[in-house]
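See below for start-v7.cif, which holds mmCIF, C-alpha atoms and all ligand atoms.
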```cif
data_protein
#
loop_
_atom_site.label_atom_id
_atom_site.label_comp_id
_atom_site.auth_asym_id
_atom_site.auth_seq_id
_atom_site.Cartn_x
_atom_site.Cartn_y
_atom_site.Cartn_z
CA MET A 1 -4.26 -89.63 -52.04
CA ALA A 2 -2.20 -88.81 -55.12
CA SER A 3 -0.62 -85.40 -55.48
CA PRO A 4 -0.43 -82.95 -57.02
CA ARG A 5 -4.16 -83.16 -57.50
CA LEU A 6 -6.88 -80.79 -58.53
CA GLU A 7 -10.04 -81.29 -56.51
CA ILE A 8 -13.06 -80.38 -58.58
CA ASP A 9 -16.41 -79.76 -56.91
CA LEU A 10 -19.00 -80.66 -59.54
CA GLY A 11 -21.84 -79.58 -57.23
CA ALA A 12 -20.38 -76.09 -57.09
CA ILE A 13 -20.13 -75.90 -60.87
CA HIS A 14 -23.68 -77.20 -61.23
CA SER A 15 -24.88 -74.59 -58.78
CA ASN A 16 -23.01 -71.78 -60.57
CA ALA A 17 -24.56 -72.86 -63.85
CA ARG A 18 -28.09 -72.79 -62.41
CA ARG A 19 -27.60 -69.31 -61.03
CA ILE A 20 -26.06 -67.83 -64.17
CA VAL A 21 -28.60 -69.47 -66.44
CA ALA A 22 -31.43 -68.06 -64.30
CA LEU A 23 -29.91 -64.58 -64.18
CA CYS A 24 -29.33 -64.50 -67.93
CA ARG A 25 -32.76 -65.91 -68.70
CA SER A 26 -34.35 -63.12 -66.65
CA LYS A 27 -32.61 -60.66 -68.97
CA GLY A 28 -33.50 -62.48 -72.19
CA ILE A 29 -29.97 -63.80 -72.69
CA ARG A 30 -29.04 -67.34 -73.67
CA ILE A 31 -25.61 -68.63 -72.83
CA THR A 32 -22.96 -70.90 -74.21
CA ALA A 33 -20.80 -72.34 -71.44
CA VAL A 34 -17.12 -72.14 -72.38
CA THR A 35 -15.14 -75.26 -71.47
CA LYS A 36 -11.65 -74.38 -72.75
CA GLY A 37 -10.44 -73.65 -69.21
CA VAL A 38 -11.11 -77.26 -68.28
CA CYS A 39 -10.01 -78.91 -71.56
CA GLY A 40 -13.58 -79.95 -72.30
CA GLU A 41 -13.60 -82.28 -69.28
CA PRO A 42 -16.81 -84.29 -69.84
CA ARG A 43 -17.79 -84.55 -66.16
CA ILE A 44 -17.68 -80.78 -65.90
CA ALA A 45 -19.66 -80.45 -69.12
CA ALA A 46 -22.25 -82.81 -67.65
CA ALA A 47 -22.49 -80.71 -64.47
CA LEU A 48 -23.04 -77.60 -66.60
CA ILE A 49 -25.76 -79.34 -68.56
CA ALA A 50 -27.43 -80.52 -65.37
CA GLY A 51 -27.41 -76.85 -64.38
CA GLY A 52 -29.42 -75.86 -67.43
CA ILE A 53 -26.74 -75.20 -70.06
CA ARG A 54 -27.75 -76.27 -73.59
CA SER A 55 -24.80 -74.98 -75.59
CA LEU A 56 -21.09 -75.66 -74.98
CA GLY A 57 -18.30 -73.63 -76.51
CA ASP A 58 -14.63 -74.40 -76.79
CA SER A 59 -11.71 -72.92 -78.68
CA ARG A 60 -10.26 -76.33 -79.50
CA LEU A 61 -11.71 -79.03 -81.71
CA ALA A 62 -9.93 -81.66 -79.60
CA ASN A 63 -11.99 -80.58 -76.58
CA ILE A 64 -15.24 -80.62 -78.53
CA HIS A 65 -14.35 -84.07 -79.82
CA ARG A 66 -13.62 -85.21 -76.27
CA MET A 67 -17.06 -84.08 -75.06
CA ARG A 68 -18.90 -85.56 -78.02
CA ARG A 69 -17.07 -88.87 -77.65
CA ALA A 70 -18.07 -88.95 -73.98
CA GLY A 71 -21.71 -88.70 -75.03
CA ILE A 72 -22.31 -85.11 -73.93
CA GLU A 73 -25.44 -83.89 -75.67
CA ALA A 74 -25.50 -80.20 -76.42
CA GLU A 75 -24.99 -77.72 -79.18
CA PHE A 76 -21.25 -77.31 -79.77
CA MET A 77 -19.77 -73.94 -80.68
CA LEU A 78 -16.19 -73.47 -81.84
CA ILE A 79 -15.30 -70.12 -80.29
CA ARG A 80 -11.89 -69.59 -81.89
CA PRO A 81 -11.91 -68.73 -85.60
CA PRO A 82 -11.33 -72.03 -87.44
CA ARG A 83 -8.07 -72.94 -89.14
CA ALA A 84 -8.49 -73.14 -92.90
CA SER A 85 -6.64 -76.46 -92.73
CA MET A 86 -9.24 -77.97 -90.39
CA VAL A 87 -12.57 -76.98 -91.90
CA ASP A 88 -13.60 -80.60 -92.46
CA ARG A 89 -13.23 -81.32 -88.75
CA VAL A 90 -14.96 -78.06 -87.82
CA VAL A 91 -18.03 -78.96 -89.84
CA ALA A 92 -17.99 -82.52 -88.50
CA LEU A 93 -17.66 -81.55 -84.84
CA ALA A 94 -19.15 -78.09 -84.34
CA ASP A 95 -22.71 -76.93 -85.01
CA VAL A 96 -21.67 -73.31 -85.10
CA SER A 97 -18.39 -71.40 -85.24
CA LEU A 98 -17.23 -67.85 -84.62
CA ASN A 99 -15.58 -66.44 -87.74
CA THR A 100 -13.73 -63.40 -89.00
CA GLU A 101 -12.40 -64.46 -92.43
CA ALA A 102 -14.74 -64.76 -95.41
CA SER A 103 -12.24 -67.06 -97.15
CA VAL A 104 -12.46 -69.57 -94.30
CA VAL A 105 -16.25 -69.36 -94.18
CA ARG A 106 -16.25 -70.18 -97.90
CA LEU A 107 -14.25 -73.34 -97.11
CA LEU A 108 -16.66 -74.19 -94.29
CA SER A 109 -19.52 -73.83 -96.73
CA ASP A 110 -17.88 -76.16 -99.26
CA GLN A 111 -17.27 -78.75 -96.58
CA ALA A 112 -20.80 -78.47 -95.22
CA MET A 113 -22.27 -78.95 -98.70
CA ARG A 114 -20.07 -81.97 -99.22
CA ARG A 115 -21.50 -83.41 -96.01
CA GLY A 116 -25.06 -82.39 -96.82
CA LYS A 117 -25.11 -80.12 -93.78
CA ILE A 118 -25.65 -76.49 -92.97
CA HIS A 119 -22.98 -75.01 -90.69
CA ASP A 120 -23.95 -71.96 -88.62
CA VAL A 121 -21.68 -68.95 -88.56
CA ILE A 122 -21.43 -66.03 -86.17
CA LEU A 123 -19.32 -63.17 -87.46
CA MET A 124 -17.12 -61.55 -84.85
CA VAL A 125 -16.78 -57.79 -84.91
CA GLU A 126 -13.69 -55.91 -83.70
CA MET A 127 -14.79 -53.46 -81.05
CA GLY A 128 -11.47 -52.37 -79.64
CA ASP A 129 -9.86 -55.26 -77.75
CA LEU A 130 -7.84 -56.07 -80.89
CA ARG A 131 -7.90 -59.82 -80.84
CA GLU A 132 -10.28 -61.48 -83.35
CA GLY A 133 -12.88 -59.47 -85.20
CA ILE A 134 -13.88 -57.82 -88.45
CA MET A 135 -13.50 -54.05 -88.43
CA PRO A 136 -17.05 -52.60 -88.22
CA ASP A 137 -16.75 -50.75 -91.52
CA ARG A 138 -15.97 -54.05 -93.27
CA LEU A 139 -18.71 -56.08 -91.61
CA SER A 140 -21.25 -55.44 -94.30
CA ASP A 141 -18.93 -56.73 -97.08
CA THR A 142 -18.30 -59.93 -95.16
CA VAL A 143 -22.01 -60.44 -94.46
CA GLU A 144 -22.74 -60.02 -98.14
CA ALA A 145 -20.09 -62.57 -99.10
CA ILE A 146 -21.47 -65.07 -96.64
CA LEU A 147 -25.12 -64.65 -97.54
CA ALA A 148 -24.20 -65.89 -101.01
CA LEU A 149 -22.91 -69.23 -99.66
CA GLU A 150 -25.16 -72.28 -99.58
CA GLY A 151 -23.47 -74.43 -96.96
CA VAL A 152 -23.52 -71.91 -94.15
CA ARG A 153 -26.21 -69.93 -92.36
CA LEU A 154 -25.46 -66.53 -90.86
CA ARG A 155 -26.73 -67.02 -87.31
CA GLY A 156 -25.61 -63.63 -86.13
CA ILE A 157 -22.81 -61.36 -85.07
CA GLY A 158 -20.79 -61.09 -81.89
CA THR A 159 -17.87 -59.48 -80.22
CA ASN A 160 -15.22 -60.39 -77.70
CA LEU A 161 -13.78 -57.83 -75.32
CA ALA A 162 -11.62 -57.82 -72.20
CA CYS A 163 -9.55 -60.83 -73.26
CA PHE A 164 -6.47 -59.33 -74.87
CA ASN A 165 -6.29 -55.63 -74.03
CA GLY A 166 -8.79 -55.45 -71.18
CA VAL A 167 -11.27 -53.28 -73.11
CA ILE A 168 -14.45 -53.22 -71.01
CA PRO A 169 -17.81 -54.23 -72.53
CA THR A 170 -19.55 -51.05 -71.44
CA VAL A 171 -23.15 -50.06 -72.02
CA ALA A 172 -21.89 -47.92 -74.91
CA LYS A 173 -20.00 -50.81 -76.54
CA MET A 174 -23.03 -53.10 -76.29
CA LYS A 175 -25.25 -50.40 -77.74
CA GLU A 176 -22.83 -50.10 -80.64
CA LEU A 177 -23.06 -53.86 -81.21
CA SER A 178 -26.88 -53.67 -81.18
CA GLN A 179 -26.75 -50.88 -83.73
CA LEU A 180 -24.42 -52.87 -85.96
CA ALA A 181 -26.87 -55.79 -85.79
CA GLU A 182 -29.80 -53.54 -86.67
CA ALA A 183 -27.92 -51.97 -89.55
CA ILE A 184 -27.17 -55.41 -91.02
CA GLU A 185 -30.77 -56.51 -90.53
CA GLN A 186 -32.12 -53.46 -92.31
CA ARG A 187 -29.62 -53.50 -95.13
CA TYR A 188 -30.12 -57.17 -95.97
CA ASN A 189 -33.72 -57.48 -94.82
CA LEU A 190 -33.09 -60.34 -92.45
CA ARG A 191 -33.29 -61.16 -88.75
CA LEU A 192 -30.11 -62.10 -86.89
CA GLU A 193 -31.03 -64.87 -84.50
CA CYS A 194 -27.98 -64.32 -82.31
CA VAL A 195 -26.18 -61.21 -81.12
CA SER A 196 -23.39 -62.48 -78.90
CA GLY A 197 -22.21 -59.70 -76.62
CA GLY A 198 -19.21 -61.25 -74.91
CA ASN A 199 -17.94 -63.26 -71.98
CA SER A 200 -17.68 -63.18 -68.18
CA ALA A 201 -16.54 -59.55 -68.42
CA ASN A 202 -20.12 -58.68 -69.45
CA TYR A 203 -21.49 -59.38 -65.99
CA GLU A 204 -21.52 -55.76 -64.85
CA TRP A 205 -23.18 -54.63 -68.08
CA LEU A 206 -25.74 -57.41 -67.68
CA THR A 207 -26.70 -56.48 -64.14
CA LEU A 208 -26.46 -52.68 -64.45
CA SER A 209 -27.83 -51.81 -67.85
CA GLU A 210 -31.54 -51.17 -68.13
CA THR A 211 -31.83 -52.88 -71.45
CA THR A 212 -29.77 -55.47 -73.25
CA GLY A 213 -30.84 -54.10 -76.64
CA ARG A 214 -30.39 -56.63 -79.42
CA VAL A 215 -27.74 -58.54 -77.43
CA ASN A 216 -29.27 -61.92 -76.58
CA HIS A 217 -26.32 -64.25 -76.06
CA LEU A 218 -23.15 -64.52 -73.97
CA ARG A 219 -20.29 -67.03 -73.95
CA ILE A 220 -19.39 -67.64 -70.31
CA GLY A 221 -16.41 -69.54 -68.96
CA GLU A 222 -14.70 -68.11 -65.90
CA ALA A 223 -17.87 -66.96 -64.13
CA LEU A 224 -19.27 -70.49 -64.28
CA LEU A 225 -16.05 -72.19 -63.23
CA LEU A 226 -14.60 -69.72 -60.73
CA GLY A 227 -17.62 -67.58 -59.80
CA ARG A 228 -16.07 -64.24 -60.75
CA GLU A 229 -16.70 -61.48 -63.24
CA THR A 230 -13.54 -60.64 -65.12
CA VAL A 231 -13.33 -56.85 -65.31
CA HIS A 232 -12.45 -56.45 -61.62
CA ARG A 233 -12.23 -60.16 -60.72
CA GLU A 234 -14.86 -59.64 -58.04
CA PRO A 235 -16.81 -62.67 -56.82
CA ILE A 236 -20.35 -62.80 -58.18
CA ARG A 237 -22.88 -62.89 -55.37
CA GLY A 238 -24.41 -66.34 -54.92
CA LEU A 239 -21.70 -68.13 -56.90
CA VAL A 240 -19.06 -70.51 -55.58
CA THR A 241 -15.49 -69.28 -56.16
CA ASP A 242 -13.56 -72.32 -54.95
CA ALA A 243 -14.88 -75.14 -57.08
CA PHE A 244 -11.24 -75.97 -57.92
CA ARG A 245 -8.46 -76.46 -55.36
CA LEU A 246 -4.93 -77.61 -56.03
CA ILE A 247 -3.18 -79.77 -53.48
CA GLY A 248 0.53 -80.51 -53.29
CA GLU A 249 2.74 -82.45 -50.91
CA VAL A 250 5.70 -81.22 -48.88
CA ILE A 251 8.91 -83.08 -49.76
CA GLU A 252 11.36 -81.06 -47.68
CA ALA A 253 10.90 -78.93 -44.55
CA LYS A 254 13.98 -77.31 -43.04
CA THR A 255 15.36 -74.22 -41.37
CA LYS A 256 17.77 -72.54 -43.78
CA PRO A 257 19.15 -69.09 -44.55
CA SER A 258 16.87 -66.80 -46.52
CA ARG A 259 19.75 -65.51 -48.63
CA PRO A 260 21.47 -67.68 -51.26
CA PHE A 261 25.20 -68.16 -50.66
CA GLY A 262 27.83 -68.37 -53.42
CA GLU A 263 28.29 -66.49 -56.68
CA ILE A 264 24.94 -65.70 -58.32
CA GLY A 265 24.22 -66.28 -62.03
CA GLN A 266 21.01 -67.23 -63.86
CA ASN A 267 18.39 -69.57 -62.40
CA ALA A 268 16.42 -72.28 -64.25
CA PHE A 269 14.41 -69.73 -66.23
CA GLY A 270 17.20 -67.29 -67.07
CA ASP A 271 16.45 -64.82 -64.27
CA VAL A 272 19.06 -63.51 -61.87
CA PRO A 273 17.29 -63.46 -58.53
CA SER A 274 18.05 -60.90 -55.87
CA VAL A 275 16.88 -62.03 -52.48
CA LEU A 276 16.47 -59.98 -49.33
CA ASP A 277 18.21 -61.29 -46.24
CA GLN A 278 15.59 -62.06 -43.57
CA GLY A 279 17.86 -64.28 -41.52
CA ARG A 280 17.16 -67.96 -41.06
CA MET A 281 13.67 -69.15 -41.88
CA ARG A 282 11.48 -72.26 -42.01
CA ARG A 283 11.36 -73.32 -45.64
CA ALA A 284 9.22 -76.02 -47.22
CA ILE A 285 9.36 -77.49 -50.70
CA VAL A 286 6.19 -78.75 -52.35
CA ALA A 287 6.31 -81.23 -55.24
CA LEU A 288 4.64 -78.85 -57.68
CA GLY A 289 6.08 -76.61 -60.37
CA GLU A 290 5.70 -74.72 -63.62
CA GLN A 291 4.96 -78.00 -65.35
CA ASP A 292 1.87 -78.44 -63.19
CA VAL A 293 0.48 -74.95 -62.70
CA ASP A 294 1.13 -71.29 -63.51
CA PRO A 295 2.54 -70.08 -60.18
CA ARG A 296 1.33 -66.51 -60.84
CA GLY A 297 -2.17 -67.79 -60.22
CA ILE A 298 -1.83 -69.79 -57.01
CA HIS A 299 -2.79 -68.57 -53.55
CA PRO A 300 -2.02 -70.77 -50.54
CA GLN A 301 -4.93 -71.16 -48.13
CA THR A 302 -2.58 -71.21 -45.13
CA ALA A 303 0.08 -68.88 -43.70
CA VAL A 304 2.92 -69.53 -46.13
CA ASN A 305 4.63 -67.22 -48.62
CA ILE A 306 5.71 -68.38 -52.03
CA LEU A 307 9.46 -67.75 -52.42
CA GLY A 308 9.76 -69.13 -55.90
CA VAL A 309 9.14 -72.00 -58.23
CA SER A 310 11.08 -74.07 -60.73
CA SER A 311 9.87 -76.68 -63.19
CA ASP A 312 8.80 -79.06 -60.45
CA GLN A 313 9.51 -77.57 -57.02
CA LEU A 314 7.57 -74.86 -55.21
CA VAL A 315 9.58 -73.22 -52.42
CA LEU A 316 7.64 -71.74 -49.52
CA HIS A 317 8.44 -69.65 -46.48
CA ASP A 318 6.55 -71.56 -43.80
CA THR A 319 5.85 -68.54 -41.57
CA GLN A 320 4.13 -70.57 -38.83
CA ALA A 321 6.52 -73.53 -39.03
CA ALA A 322 3.41 -75.64 -39.54
CA LEU A 323 4.57 -77.89 -42.35
CA SER A 324 6.49 -81.13 -42.21
CA VAL A 325 7.45 -83.74 -44.77
CA GLY A 326 4.26 -85.34 -46.07
CA SER A 327 2.05 -82.37 -45.17
CA GLU A 328 -0.36 -81.25 -47.85
CA VAL A 329 -0.66 -77.63 -48.95
CA THR A 330 -3.91 -76.41 -50.46
CA LEU A 331 -3.90 -73.63 -53.02
CA ASP A 332 -6.70 -71.51 -54.45
CA ILE A 333 -6.22 -70.99 -58.16
CA ASP A 334 -7.16 -68.38 -60.73
CA TYR A 335 -8.09 -68.94 -64.37
CA ARG A 336 -4.56 -69.10 -65.72
CA ALA A 337 -3.51 -71.56 -63.00
CA LEU A 338 -6.65 -73.60 -63.66
CA LEU A 339 -5.86 -73.73 -67.36
CA ARG A 340 -2.39 -75.13 -66.82
CA ALA A 341 -3.38 -77.52 -64.02
CA MET A 342 -6.17 -78.95 -66.15
CA THR A 343 -3.78 -79.29 -69.09
CA SER A 344 -0.93 -80.87 -67.14
CA PRO A 345 -0.89 -84.67 -67.29
CA TYR A 346 1.00 -84.63 -63.97
CA VAL A 347 -1.94 -83.20 -62.04
CA GLU A 348 -4.46 -85.80 -60.95
CA LYS A 349 -8.05 -84.64 -61.38
CA VAL A 350 -10.22 -85.69 -58.46
CA PHE A 351 -13.96 -85.12 -58.50
CA VAL A 352 -15.26 -84.50 -55.01
CA ALA A 353 -18.79 -84.94 -53.77
CA ALA A 354 -20.95 -81.87 -53.93
CA SER A 355 -20.02 -79.69 -51.00
CA HIS A 356 -22.68 -77.15 -51.88
CA GLU A 357 -25.91 -79.12 -51.58
CA ASP A 358 -27.44 -76.04 -50.05
CA PHE A 359 -26.94 -74.33 -53.39
CA LEU A 360 -28.34 -77.35 -55.19
CA MET A 361 -31.54 -77.08 -53.18
CA ALA A 362 -31.95 -73.37 -53.86
C1 LIG B 401 -12.46 -67.65 -73.68
C2 LIG B 401 -13.55 -67.03 -74.46
C3 LIG B 401 -14.79 -66.79 -73.85
C4 LIG B 401 -15.06 -67.05 -72.39
O1 LIG B 401 -14.41 -66.09 -71.60
P1 LIG B 401 -14.59 -66.07 -70.02
O2 LIG B 401 -13.88 -64.84 -69.60
O3 LIG B 401 -13.96 -67.31 -69.50
O4 LIG B 401 -16.04 -66.03 -69.75
C5 LIG B 401 -15.80 -66.27 -74.64
N1 LIG B 401 -15.61 -66.00 -75.95
C6 LIG B 401 -14.43 -66.21 -76.57
C7 LIG B 401 -14.29 -65.89 -78.00
C8 LIG B 401 -13.36 -66.72 -75.83
O5 LIG B 401 -12.19 -66.94 -76.45
#
```
Take the structure in this file and express it as structure tokens.
Amino acid sequence: MASPRLEIDLGAIHSNARRIVALCRSKGIRITAVTKGVCGEPRIAAALIAGGIRSLGDSRLANIHRMRRAGIEAEFMLIRPPRASMVDRVVALADVSLNTEASVVRLLSDQAMRRGKIHDVILMVEMGDLREGIMPDRLSDTVEAILALEGVRLRGIGTNLACFNGVIPTVAKMKELSQLAEAIEQRYNLRLECVSGGNSANYEWLTLSETTGRVNHLRIGEALLLGRETVHREPIRGLVTDAFRLIGEVIEAKTKPSRPFGEIGQNAFGDVPSVLDQGRMRRAIVALGEQDVDPRGIHPQTAVNILGVSSDQLVLHDTQAALSVGSEVTLDIDYRALLRAMTSPYVEKVFVAASHEDFLMA
């Protein structure tokens, strides 16, 4: 089989979706499944929908377009604030978008009116992680500006934590979001249909807090794809964590010194390596590199240590001398490795038969 390849277990993703949808439903929370980690791969979107997902979110219009073109039927949410230069495409492709700039929402409204549509808007509030969001004391102004527009409907407010600075969506933060929602509702005498509390980092809050308050929506990517919450990166009970596996092929296997010999300058990426002398060792090279995957996020399933990686070669210490030319090495991957492997045109994507039928039956 071709390598490098990413083996994708659609049954596992389907099973994860069913479990998360059921858990969230029991707490009165609807979810949007976030597909940016898999470039909007339509077969994965279809597995999510088979698992009960009705709304798909992506940060890139190209991914939303890809899913729509493949015939995926769902609500589509653009989860990155739109570019002012792309509002026509946003209105054409997305049913709802997350926004932080009134000027852009005004453009969305103009475009929507031109198309005879209403575009839904969720306003993102800054709650400390310092990526996108309107400062809470300015939220009211923005709401007011948007309520005056005819081409958009204010569907609700939301926040995003834990992505940029690791700020945890605690019970207190979620309570604050609920209070902000209530304040807007009272001030403008309206009902916000959606209060979007966050992402996979909200798992602990979801399971531990007694009440979800006004929060009734989450945008979930990593938990669905990799089965983990994202505050501690702990596996979520009942979810599959290895739906994605990366496989590469050994192109050289030799006994060599562990220490480079010759004068040492910079390597391919401008670093000057310093390597400990461990004597001679079994070394293997896998045809896999930075252009295929982020090596910080790969974990070999067998007894090998990663010595380093260049653009297209992964060098391993083969501690058990188990590898030979042509051997395949299987790697578990985290979210950042998944992102790059899915994005790399050099990595073959292979969809494997459901290996988790037991989950499917559950
Ligand atoms: C990426 C992203 C998500 C999904 O995050 P996960 O940690 O993968 O669940 C949700 N909301 C926004 C705004 C995002 O950018």
Exercise for the section: Scan for residues within 9 Å of the point (-3.4, -66.9, -62.1) in the coordinates of the file, using all atoms listed in the file, and reply as a list in words. Expected result: Val293, Asp294, Pro295, Arg296, Gly297, Ile298, His299, Ile333, Asp334, Tyr335, Arg336, Ala337, Leu338 and Leu339 of chain A
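The neighbours of Ser3 (chain A) here are the residues that come within 7 Å of it, using only C-alpha atoms and leaving out any residue fewer than 3 positions away in the same chain; they are Ile247, Gly248, Glu249 and Glu348 of chain A.
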Practice task
Rank nothing, just name the residue among A:Leu276, A:Ala322, A:Leu218, A:Leu288 nearest to Arg30 (chain A), using all atoms listed in the file.
Solution key: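 Residue with the minimum atom-to-atom distance to Arg30 (chain A): A:Leu218.
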Taking 5 positions as the minimum chain separation for residues in the same chain, which residues sit within 12 Å of Phe261 (chain A) when counting only C-alpha atoms? Answer as a PDB file with C-alpha atoms, in the coordinates of the input.
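Final output, saved to part-v2.pdb:
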```pdb
ATOM      1  CA  LYS A 256      17.770 -72.540 -43.780  1.00  0.00           C
ATOM      2  CA  SER A 274      18.050 -60.900 -55.870  1.00  0.00           C
ATOM      3  CA  VAL A 275      16.880 -62.030 -52.480  1.00  0.00           C
ATOM      4  CA  ASP A 277      18.210 -61.290 -46.240  1.00  0.00           C
TER       5      ASP A 277
END
```
Handout entry: Within 12 Å of Gln313 (chain A) using all atoms listed in the file, minus same-chain residues under 2 positions, as a VMD selection string
Key = chain A and resid 4 248 to 252 268 284 to 293 295 306 to 311 315 to 316
Exercise for the section: Produce as a list in words the set of residues near ligand LIG 401 (chain B), where near means within 7 Å with only C-alpha atoms and all ligand atoms considered. Expected result: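 Taking only C-alpha atoms and all ligand atoms into account, the residues around ligand LIG 401 (chain B) at most 7 Å away are Val34, Lys36, Ser59, Ile79, Arg80, Asn160, Cys163, Gly198, Asn199, Ser200, Ala201, Arg219, Ile220, Gly221, Glu222, Ala223 and Thr230 of chain A.
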Practice task
Name all residues at most 6 Å from Ser55 (chain A) (count only C-alpha atoms; drop same-chain ones fewer than 4 positions away) and give them as an NGL selection string.
Solution key: :A and (32 or 74-76)
